[in-house]
$ cat start_31.cif   # mmCIF, C-alpha atoms
data_structure
loop_
_atom_site.label_atom_id
_atom_site.label_comp_id
_atom_site.auth_asym_id
_atom_site.auth_seq_id
_atom_site.Cartn_x
_atom_site.Cartn_y
_atom_site.Cartn_z
CA MET A 1 109.59 78.99 111.87
CA LYS A 2 110.35 82.67 112.45
CA PRO A 3 111.80 84.59 109.49
CA LYS A 4 115.44 85.58 109.86
CA ILE A 5 115.61 89.37 110.16
CA THR A 6 118.90 91.18 109.58
CA LEU A 7 119.21 94.37 111.65
CA LYS A 8 121.39 96.97 109.96
CA SER A 9 124.19 98.93 111.58
CA ALA A 10 124.48 102.70 111.25
CA ALA A 11 127.17 102.21 108.59
CA GLU A 12 124.94 99.86 106.61
CA ILE A 13 121.99 102.24 106.79
CA GLU A 14 124.23 105.03 105.48
CA LYS A 15 125.00 102.89 102.42
CA MET A 16 121.28 102.29 101.98
CA ARG A 17 120.65 106.04 102.16
CA ARG A 18 123.09 106.45 99.28
CA ALA A 19 121.29 103.77 97.27
CA GLY A 20 117.97 105.36 98.18
CA GLN A 21 119.13 108.71 96.86
CA VAL A 22 120.03 107.14 93.51
CA VAL A 23 116.52 105.74 93.03
CA ALA A 24 115.03 108.99 94.32
CA ASP A 25 117.01 110.91 91.70
CA VAL A 26 115.72 108.64 88.92
CA LEU A 27 112.12 109.07 90.07
CA ARG A 28 112.52 112.84 90.44
CA ARG A 29 113.67 113.07 86.84
CA MET A 30 110.84 110.81 85.68
CA ARG A 31 108.41 113.53 86.70
CA GLU A 32 109.91 115.58 83.85
CA TRP A 33 110.47 112.77 81.36
CA VAL A 34 107.03 111.10 81.53
CA VAL A 35 105.14 112.98 78.81
CA PRO A 36 102.87 111.99 75.91
CA GLY A 37 104.90 110.53 73.05
CA VAL A 38 107.80 109.07 75.02
CA THR A 39 108.44 105.34 74.80
CA THR A 40 108.97 103.20 77.87
CA ALA A 41 112.30 102.06 76.37
CA ALA A 42 113.45 105.69 76.26
CA LEU A 43 112.56 106.06 79.95
CA ASP A 44 114.60 102.95 80.72
CA ALA A 45 117.61 104.33 78.82
CA LEU A 46 117.38 107.63 80.67
CA ALA A 47 117.13 105.84 84.02
CA SER A 48 120.15 103.70 83.16
CA ASP A 49 122.16 106.84 82.45
CA VAL A 50 121.25 108.32 85.84
CA ILE A 51 122.15 105.11 87.67
CA ASP A 52 125.47 104.94 85.80
CA GLY A 53 126.10 108.59 86.60
CA HIS A 54 125.92 107.78 90.31
CA HIS A 55 128.40 104.90 89.81
CA ALA A 56 125.65 102.53 90.92
CA LEU A 57 124.33 99.29 89.45
CA PRO A 58 120.71 98.55 88.45
CA SER A 59 119.11 96.07 90.85
CA PHE A 60 116.52 94.80 88.41
CA LYS A 61 118.55 94.06 85.28
CA GLY A 62 119.24 90.34 85.06
CA TYR A 63 117.15 89.58 88.17
CA PRO A 64 116.96 86.95 89.46
CA PRO A 65 120.41 85.57 88.59
CA GLY A 66 120.24 82.22 86.85
CA SER A 67 116.58 82.59 85.99
CA GLN A 68 115.22 81.29 82.69
CA HIS A 69 113.53 84.67 82.21
CA PRO A 70 115.68 87.35 83.92
CA PHE A 71 114.30 90.88 83.91
CA PRO A 72 115.79 92.66 80.88
CA ALA A 73 115.73 96.32 81.95
CA SER A 74 116.81 98.77 84.65
CA ILE A 75 113.29 99.92 85.55
CA CYS A 76 109.76 98.55 85.48
CA THR A 77 107.23 100.58 83.47
CA SER A 78 103.66 99.46 84.17
CA VAL A 79 100.94 101.31 82.25
CA ASN A 80 97.25 101.64 83.23
CA GLU A 81 95.99 98.12 84.06
CA GLU A 82 99.59 96.89 84.48
CA LEU A 83 100.18 96.78 88.22
CA VAL A 84 103.89 95.91 88.52
CA HIS A 85 106.88 94.46 86.65
CA GLY A 86 106.06 95.94 83.23
CA ILE A 87 108.96 95.55 80.79
CA PRO A 88 110.09 98.73 78.96
CA GLY A 89 109.85 98.56 75.17
CA SER A 90 108.37 100.25 72.13
CA ARG A 91 105.12 101.29 73.82
CA VAL A 92 104.42 105.00 73.37
CA LEU A 93 102.80 106.70 76.33
CA GLN A 94 99.56 108.46 75.45
CA GLU A 95 97.82 111.48 76.94
CA GLY A 96 95.62 110.21 79.77
CA ASP A 97 97.72 107.13 80.61
CA ILE A 98 99.18 106.54 84.04
CA VAL A 99 102.54 104.77 84.37
CA SER A 100 104.17 103.20 87.40
CA ILE A 101 107.95 103.54 87.44
CA ASP A 102 109.76 101.14 89.77
CA VAL A 103 113.54 101.44 90.07
CA GLY A 104 116.25 99.67 92.03
CA ALA A 105 119.94 100.51 92.44
CA ILE A 106 122.93 99.02 94.24
CA VAL A 107 125.52 101.19 95.98
CA ALA A 108 128.42 99.63 97.90
CA GLY A 109 126.60 96.30 97.94
CA TYR A 110 123.29 97.64 99.30
CA HIS A 111 120.00 98.07 97.47
CA GLY A 112 117.57 100.94 97.10
CA ASP A 113 114.08 100.28 95.69
CA ALA A 114 111.28 102.79 95.17
CA ALA A 115 108.33 103.48 92.87
CA ILE A 116 105.84 106.16 91.86
CA THR A 117 102.86 106.24 89.54
CA LEU A 118 102.73 109.29 87.31
CA PRO A 119 100.08 110.86 85.09
CA VAL A 120 100.88 111.20 81.41
CA GLY A 121 99.68 114.67 80.53
CA ARG A 122 96.09 115.35 81.61
CA VAL A 123 94.38 112.34 83.14
CA SER A 124 90.87 111.57 84.35
CA SER A 125 89.65 112.54 87.81
CA GLU A 126 89.35 108.83 88.59
CA ALA A 127 93.02 108.29 87.73
CA ARG A 128 94.07 111.27 89.87
CA ARG A 129 92.05 109.90 92.79
CA LEU A 130 93.61 106.45 92.45
CA LEU A 131 97.11 107.95 92.53
CA ALA A 132 96.28 110.09 95.57
CA VAL A 133 94.82 107.15 97.49
CA THR A 134 97.78 104.88 96.70
CA GLU A 135 100.27 107.52 97.80
CA GLY A 136 98.14 108.11 100.90
CA ALA A 137 98.33 104.41 101.69
CA LEU A 138 102.12 104.60 101.55
CA LYS A 139 102.09 107.48 104.02
CA ALA A 140 99.80 105.47 106.32
CA ALA A 141 102.20 102.53 106.10
CA ILE A 142 105.17 104.72 107.01
CA ALA A 143 103.28 106.19 109.99
CA ALA A 144 102.56 102.66 111.26
CA SER A 145 106.22 101.64 110.99
CA ARG A 146 107.21 102.25 114.59
CA VAL A 147 109.02 100.26 117.27
CA GLY A 148 106.53 98.14 119.22
CA ASN A 149 104.22 97.66 116.26
CA HIS A 150 104.20 94.48 114.18
CA SER A 151 104.50 94.09 110.43
CA GLY A 152 100.80 93.23 110.46
CA ASP A 153 100.03 96.73 111.76
CA ILE A 154 101.64 98.14 108.61
CA SER A 155 99.60 95.76 106.47
CA VAL A 156 96.37 96.77 108.20
CA ALA A 157 97.19 100.48 107.79
CA ILE A 158 97.56 100.00 104.02
CA GLN A 159 94.47 97.83 103.63
CA ALA A 160 92.22 100.01 105.78
CA TYR A 161 93.24 103.20 104.00
CA VAL A 162 92.77 101.74 100.53
CA GLU A 163 89.48 99.95 101.22
CA SER A 164 88.02 102.98 102.98
CA HIS A 165 88.31 104.76 99.63
CA GLY A 166 86.61 101.96 97.70
CA TYR A 167 89.68 100.34 96.15
CA ASN A 168 91.40 96.98 96.63
CA VAL A 169 94.93 95.86 97.48
CA VAL A 170 96.80 93.09 95.72
CA ARG A 171 97.11 89.81 97.63
CA GLU A 172 99.85 88.05 95.68
CA TYR A 173 102.66 90.63 95.97
CA THR A 174 104.14 92.22 99.07
CA GLY A 175 106.50 94.75 100.51
CA HIS A 176 109.73 93.27 101.82
CA GLY A 177 112.87 93.67 103.81
CA ILE A 178 115.79 95.13 101.89
CA GLY A 179 119.54 95.45 102.34
CA ARG A 180 122.34 93.40 100.84
CA GLN A 181 119.59 91.55 99.00
CA MET A 182 116.78 93.28 97.16
CA HIS A 183 114.27 90.94 98.82
CA GLU A 184 114.88 90.05 102.45
CA GLU A 185 112.65 89.16 105.38
CA PRO A 186 110.17 90.23 106.55
CA GLN A 187 107.48 90.13 103.93
CA VAL A 188 104.97 92.94 104.47
CA PRO A 189 101.70 92.22 102.64
CA ASN A 190 99.23 94.95 101.74
CA HIS A 191 96.60 93.18 103.87
CA GLY A 192 96.70 91.44 107.23
CA GLN A 193 95.87 91.50 110.89
CA ALA A 194 96.95 94.00 113.55
CA GLY A 195 99.40 92.65 116.11
CA ARG A 196 100.52 89.80 113.88
CA GLY A 197 103.78 89.24 112.06
CA VAL A 198 107.27 90.44 112.96
CA LEU A 199 107.82 92.84 115.87
CA LEU A 200 109.42 96.01 114.52
CA SER A 201 112.85 96.88 115.96
CA PRO A 202 115.42 99.61 115.30
CA GLY A 203 117.71 98.67 112.44
CA MET A 204 115.07 96.91 110.34
CA THR A 205 114.99 98.19 106.76
CA ILE A 206 111.85 97.60 104.72
CA ALA A 207 110.55 98.47 101.26
CA LEU A 208 106.90 99.40 101.73
CA GLU A 209 104.85 99.26 98.54
CA PRO A 210 101.09 99.65 98.37
CA MET A 211 99.81 98.13 95.11
CA VAL A 212 96.24 99.22 94.51
CA LEU A 213 93.52 98.17 92.07
CA ALA A 214 90.58 100.34 91.06
CA GLY A 215 88.58 97.18 90.41
CA GLU A 216 88.55 93.71 91.87
CA ALA A 217 91.56 92.23 93.63
CA ARG A 218 92.50 89.70 90.96
CA VAL A 219 95.65 89.79 88.85
CA ARG A 220 97.43 87.65 86.30
CA VAL A 221 100.89 87.50 84.73
CA LEU A 222 101.27 88.08 80.99
CA ASP A 223 103.13 85.76 78.63
CA ASP A 224 106.30 87.84 79.02
CA HIS A 225 106.64 86.12 82.44
CA TRP A 226 106.81 89.45 84.26
CA THR A 227 104.02 91.97 83.67
CA VAL A 228 101.24 91.71 86.27
CA VAL A 229 97.86 93.10 85.14
CA SER A 230 94.41 93.50 86.68
CA CYS A 231 92.09 90.72 85.50
CA ASP A 232 89.24 93.16 84.89
CA GLY A 233 91.39 95.65 82.94
CA LYS A 234 90.81 98.49 85.40
CA LEU A 235 93.46 100.99 86.46
CA THR A 236 96.15 100.18 89.02
CA ALA A 237 98.78 102.17 90.90
CA HIS A 238 101.98 101.50 92.86
CA PHE A 239 104.02 103.66 95.24
CA GLU A 240 107.07 102.52 97.22
CA HIS A 241 109.65 103.84 99.67
CA ASP A 242 112.50 102.23 101.60
CA ILE A 243 112.42 102.94 105.32
CA ALA A 244 114.58 102.28 108.36
CA ILE A 245 112.92 101.58 111.70
CA THR A 246 114.28 103.91 114.40
CA ASP A 247 113.43 104.66 118.02
CA GLY A 248 111.06 107.33 116.77
CA GLU A 249 109.44 107.91 113.38
CA ALA A 250 110.65 105.71 110.54
CA GLU A 251 113.35 107.26 108.36
CA ILE A 252 112.53 107.35 104.66
CA LEU A 253 115.71 106.28 102.87
CA SER A 254 114.45 106.91 99.34
CA LEU A 255 112.88 110.33 99.86
#
$ encode --input "start_31.cif" --output "structure tokens"
Amino acid sequence: MKPKITLKSAAEIEKMRRAGQVVADVLRRMREWVVPGVTTAALDALASDVIDGHHALPSFKGYPPGSQHPFPASICTSVNEELVHGIPGSRVLQEGDIVSIDVGAIVAGYHGDAAITLPVGRVSSEARRLLAVTEGALKAAIAASRVGNHSGDISVAIQAYVESHGYNVVREYTGHGIGRQMHEEPQVPNHGQAGRGVLLSPGMTIALEPMVLAGEARVRVLDDHWTVVSCDGKLTAHFEHDIAITDGEAEILSL
């Protein structure tokens, strides 16, 4: 059964641009706020203030509705071996850490969702390389997001770029369509086969998110029901942008 893909109108994409600019503003400010000594709870409070200041709503807080364990914060803060979905709290960031900040916002009923991984003060050369490769994988994914390609071509672009640098991609978590819902079809894994999956068409809106492990491609979820960590304890990184498929190059909505 083919996944149901919702193509967005120009008016809908404009609303998604507005949501994308909210998350982009949060992440821009995080580049200043992520310093040794700050707690992840403080980062969440600052992000909440920015989202409120844009008259937007946080996508993550209380997600998913009706869940036994809804996410309790406005952003995800995933440190070092924590790949995604880290819950902000009393943890104090230390010099040499890396922290992934993932943020979602709703504007006029449409979602924006983006992420970056930032160094905390001075970090190791290995950490810097991991961040550069993960961001490079996101750029490769965006370049592959063109009409006539398939979602599998995006997946292959991510996987090939990451593995060519000696790292691994996560198998259990994927990029995804985005719009009125934070998670829509199609799913866009970080691994796959060229020419497979959904044919890309103008009006598709997708959150692309390479999730990269410095060690082996095995993860587990902690007892908090959310935080995903590498099984071997090695560093991880996560970058994400929302894009709209056009007749030419993909438009980055969360730039």
$ resolve_selection --input "start_31.cif" --expression "the PyMOL selection byres ((chain A and resi 162) around 10)" --output "VMD selection string"
chain A and resid 130 133 to 138 140 156 to 161 163 to 169 190 to 191 210 to 214
$ resolve_selection --input "start_31.cif" --expression "the PyMOL selection byres ((chain A and resi 64-69) around 10)" --output "list in words"
Ser59, Phe60, Lys61, Gly62, Tyr63, Pro70, Phe71, Pro72, Met182, Asp224, His225 and Trp226 of chain A
$ axis_aligned_box --input "start_31.cif" --around "segment 15-27 of chain A" --padding-each-side "4 Å" --output "AutoDock Vina command-line options"
--center_x 118.6 --center_y 106.6 --center_z 95.7 --size_x 20.9 --size_y 16.6 --size_z 21.5
$ residues_around --input "start_31.cif" --residues "Val229 of chain A" --least-positions-apart "4" --cutoff "12 Å" --atoms "only C-alpha atoms" --output "PyMOL selection string"
chain A and resi 78-86+170+172+211-225+233-237
$ atom_distance --input "start_31.cif" --atom1 "atom CA of Val107 of chain A" --atom2 "atom CA of Arg180 of chain A"
9.7 Å
$ resolve_selection --input "start_31.cif" --expression "the PyMOL selection byres ((chain A and resi 150) around 6)" --output "list in words"
Asn149, Ser151, Gly152, Asp153, Gly195, Arg196, Gly197, Val198, Leu199 and Leu200 of chain A
$ write_last_selection --input "start_31.cif" --atoms "C-alpha atoms" --output "PDB file, keeping the file's coordinate frame"
ATOM      1  CA  ASN A 149     104.220  97.660 116.260  1.00  0.00           C
ATOM      2  CA  SER A 151     104.500  94.090 110.430  1.00  0.00           C
ATOM      3  CA  GLY A 152     100.800  93.230 110.460  1.00  0.00           C
ATOM      4  CA  ASP A 153     100.030  96.730 111.760  1.00  0.00           C
ATOM      5  CA  GLY A 195      99.400  92.650 116.110  1.00  0.00           C
ATOM      6  CA  ARG A 196     100.520  89.800 113.880  1.00  0.00           C
ATOM      7  CA  GLY A 197     103.780  89.240 112.060  1.00  0.00           C
ATOM      8  CA  VAL A 198     107.270  90.440 112.960  1.00  0.00           C
ATOM      9  CA  LEU A 199     107.820  92.840 115.870  1.00  0.00           C
ATOM     10  CA  LEU A 200     109.420  96.010 114.520  1.00  0.00           C
TER      11      LEU A 200
END
$ closest_residue --input "start_31.cif" --among "A:Arg91, A:Arg171, A:His54, A:His111" --to "Ile243 of chain A" --atoms "only C-alpha atoms"
A:His111
$ closest_residue --input "start_31.cif" --among "A:Gly192, A:Gly248, A:Pro186, A:Gly89" --to "Leu7 of chain A" --atoms "only C-alpha atoms"
A:Pro186
$ closest_atom_pairs --input "start_31.cif" --of "segment 208-246 of chain A" --to "segment 250-253 of chain A" --cutoff "8 Å" --atoms "all atoms listed in the file" --output "JSON lines"
{"residue": "A:His241", "atom": "CA", "partner": "A:Ile252", "partner_atom": "CA", "distance": 6.7}
{"residue": "A:Asp242", "atom": "CA", "partner": "A:Leu253", "partner_atom": "CA", "distance": 5.3}
{"residue": "A:Ile243", "atom": "CA", "partner": "A:Ile252", "partner_atom": "CA", "distance": 4.5}
{"residue": "A:Ala244", "atom": "CA", "partner": "A:Glu251", "partner_atom": "CA", "distance": 5.1}
{"residue": "A:Ile245", "atom": "CA", "partner": "A:Ala250", "partner_atom": "CA", "distance": 4.9}
{"residue": "A:Thr246", "atom": "CA", "partner": "A:Ala250", "partner_atom": "CA", "distance": 5.6}
$ closest_residue --input "start_31.cif" --among "A:Gly20, A:Gly53, A:Gly37, A:Gly203" --to "Ser90 of chain A" --atoms "all atoms listed in the file"
A:Gly37
$ residues_around --input "start_31.cif" --residues "Ile154 of chain A" --least-positions-apart "5" --cutoff "8 Å" --atoms "all atoms listed in the file" --output "list of chain:residue names"
A:Ala140, A:Ala141, A:Ile142, A:Ala144, A:Ser145, A:Val188, A:Asn190, A:Ala194
$ closest_residue --input "start_31.cif" --among "A:Val38, A:Leu255, A:Ala45, A:Ile13" --to "Val99 of chain A" --atoms "only C-alpha atoms"
A:Val38
$ build_atoms --input "start_31.cif" --residues "segment 208-240 of chain A" --atoms "N, CA and C atoms" --output "mmCIF file, in the frame of the given file"
data_model
loop_
_atom_site.group_PDB
_atom_site.id
_atom_site.type_symbol
_atom_site.label_atom_id
_atom_site.label_comp_id
_atom_site.auth_asym_id
_atom_site.auth_seq_id
_atom_site.Cartn_x
_atom_site.Cartn_y
_atom_site.Cartn_z
ATOM 1 N N LEU A 208 108.358 99.391 101.623
ATOM 2 C CA LEU A 208 106.900 99.400 101.730
ATOM 3 C C LEU A 208 106.319 99.759 100.370
ATOM 4 N N GLU A 209 105.344 98.974 99.886
ATOM 5 C CA GLU A 209 104.850 99.260 98.540
ATOM 6 C C GLU A 209 103.374 98.909 98.362
ATOM 7 N N PRO A 210 102.500 99.857 98.696
ATOM 8 C CA PRO A 210 101.090 99.650 98.370
ATOM 9 C C PRO A 210 100.897 99.478 96.862
ATOM 10 N N MET A 211 100.164 98.421 96.497
ATOM 11 C CA MET A 211 99.810 98.130 95.110
ATOM 12 C C MET A 211 98.294 98.040 95.065
ATOM 13 N N VAL A 212 97.673 98.979 94.356
ATOM 14 C CA VAL A 212 96.240 99.220 94.510
ATOM 15 C C VAL A 212 95.518 99.040 93.175
ATOM 16 N N LEU A 213 94.344 98.426 93.257
ATOM 17 C CA LEU A 213 93.520 98.170 92.070
ATOM 18 C C LEU A 213 92.213 98.942 92.174
ATOM 19 N N ALA A 214 91.852 99.615 91.086
ATOM 20 C CA ALA A 214 90.580 100.340 91.060
ATOM 21 C C ALA A 214 89.401 99.378 91.011
ATOM 22 N N GLY A 215 89.638 98.175 90.496
ATOM 23 C CA GLY A 215 88.580 97.180 90.410
ATOM 24 C C GLY A 215 88.783 96.050 91.395
ATOM 25 N N GLU A 216 88.458 94.855 90.967
ATOM 26 C CA GLU A 216 88.550 93.710 91.870
ATOM 27 C C GLU A 216 89.990 93.300 92.102
ATOM 28 N N ALA A 217 90.204 92.587 93.220
ATOM 29 C CA ALA A 217 91.560 92.230 93.630
ATOM 30 C C ALA A 217 92.005 90.913 92.996
ATOM 31 N N ARG A 218 92.007 90.884 91.667
ATOM 32 C CA ARG A 218 92.500 89.700 90.960
ATOM 33 C C ARG A 218 93.476 90.144 89.892
ATOM 34 N N VAL A 219 94.612 89.447 89.822
ATOM 35 C CA VAL A 219 95.650 89.790 88.850
ATOM 36 C C VAL A 219 96.123 88.529 88.145
ATOM 37 N N ARG A 220 96.817 88.755 87.025
ATOM 38 C CA ARG A 220 97.430 87.650 86.300
ATOM 39 C C ARG A 220 98.739 88.133 85.686
ATOM 40 N N VAL A 221 99.600 87.183 85.327
ATOM 41 C CA VAL A 221 100.890 87.500 84.730
ATOM 42 C C VAL A 221 100.819 87.250 83.231
ATOM 43 N N LEU A 222 101.294 88.211 82.437
ATOM 44 C CA LEU A 222 101.270 88.080 80.990
ATOM 45 C C LEU A 222 102.308 87.055 80.504
ATOM 46 N N ASP A 223 102.241 86.765 79.217
ATOM 47 C CA ASP A 223 103.130 85.760 78.630
ATOM 48 C C ASP A 223 104.601 86.162 78.635
ATOM 49 N N ASP A 224 104.893 87.429 78.936
ATOM 50 C CA ASP A 224 106.300 87.840 79.020
ATOM 51 C C ASP A 224 106.956 87.366 80.322
ATOM 52 N N HIS A 225 106.176 86.698 81.180
ATOM 53 C CA HIS A 225 106.640 86.120 82.440
ATOM 54 C C HIS A 225 106.849 87.150 83.549
ATOM 55 N N TRP A 226 106.557 88.409 83.274
ATOM 56 C CA TRP A 226 106.810 89.450 84.260
ATOM 57 C C TRP A 226 105.594 90.349 84.526
ATOM 58 N N THR A 227 105.011 90.904 83.491
ATOM 59 C CA THR A 227 104.020 91.970 83.670
ATOM 60 C C THR A 227 102.764 91.449 84.359
ATOM 61 N N VAL A 228 102.415 92.078 85.487
ATOM 62 C CA VAL A 228 101.240 91.710 86.270
ATOM 63 C C VAL A 228 100.131 92.711 85.957
ATOM 64 N N VAL A 229 98.967 92.231 85.540
ATOM 65 C CA VAL A 229 97.860 93.100 85.140
ATOM 66 C C VAL A 229 96.609 92.779 85.951
ATOM 67 N N SER A 230 95.715 93.735 86.053
ATOM 68 C CA SER A 230 94.410 93.500 86.680
ATOM 69 C C SER A 230 93.579 92.614 85.756
ATOM 70 N N CYS A 231 92.896 91.645 86.318
ATOM 71 C CA CYS A 231 92.090 90.720 85.500
ATOM 72 C C CYS A 231 90.924 91.427 84.827
ATOM 73 N N ASP A 232 90.395 92.468 85.459
ATOM 74 C CA ASP A 232 89.240 93.160 84.890
ATOM 75 C C ASP A 232 89.627 94.329 84.001
ATOM 76 N N GLY A 233 90.934 94.574 83.822
ATOM 77 C CA GLY A 233 91.390 95.650 82.940
ATOM 78 C C GLY A 233 91.282 97.040 83.519
ATOM 79 N N LYS A 234 90.941 97.158 84.804
ATOM 80 C CA LYS A 234 90.810 98.490 85.400
ATOM 81 C C LYS A 234 92.170 99.015 85.864
ATOM 82 N N LEU A 235 92.209 100.316 86.128
ATOM 83 C CA LEU A 235 93.460 100.990 86.460
ATOM 84 C C LEU A 235 94.073 100.452 87.750
ATOM 85 N N THR A 236 95.398 100.571 87.832
ATOM 86 C CA THR A 236 96.150 100.180 89.020
ATOM 87 C C THR A 236 97.204 101.243 89.308
ATOM 88 N N ALA A 237 97.730 101.221 90.536
ATOM 89 C CA ALA A 237 98.780 102.170 90.900
ATOM 90 C C ALA A 237 99.708 101.537 91.932
ATOM 91 N N HIS A 238 100.923 102.082 92.032
ATOM 92 C CA HIS A 238 101.980 101.500 92.860
ATOM 93 C C HIS A 238 102.894 102.624 93.336
ATOM 94 N N PHE A 239 103.055 102.742 94.654
ATOM 95 C CA PHE A 239 104.020 103.660 95.240
ATOM 96 C C PHE A 239 104.881 102.878 96.232
ATOM 97 N N GLU A 240 106.148 103.275 96.360
ATOM 98 C CA GLU A 240 107.070 102.520 97.220
ATOM 99 C C GLU A 240 108.158 103.425 97.766
#
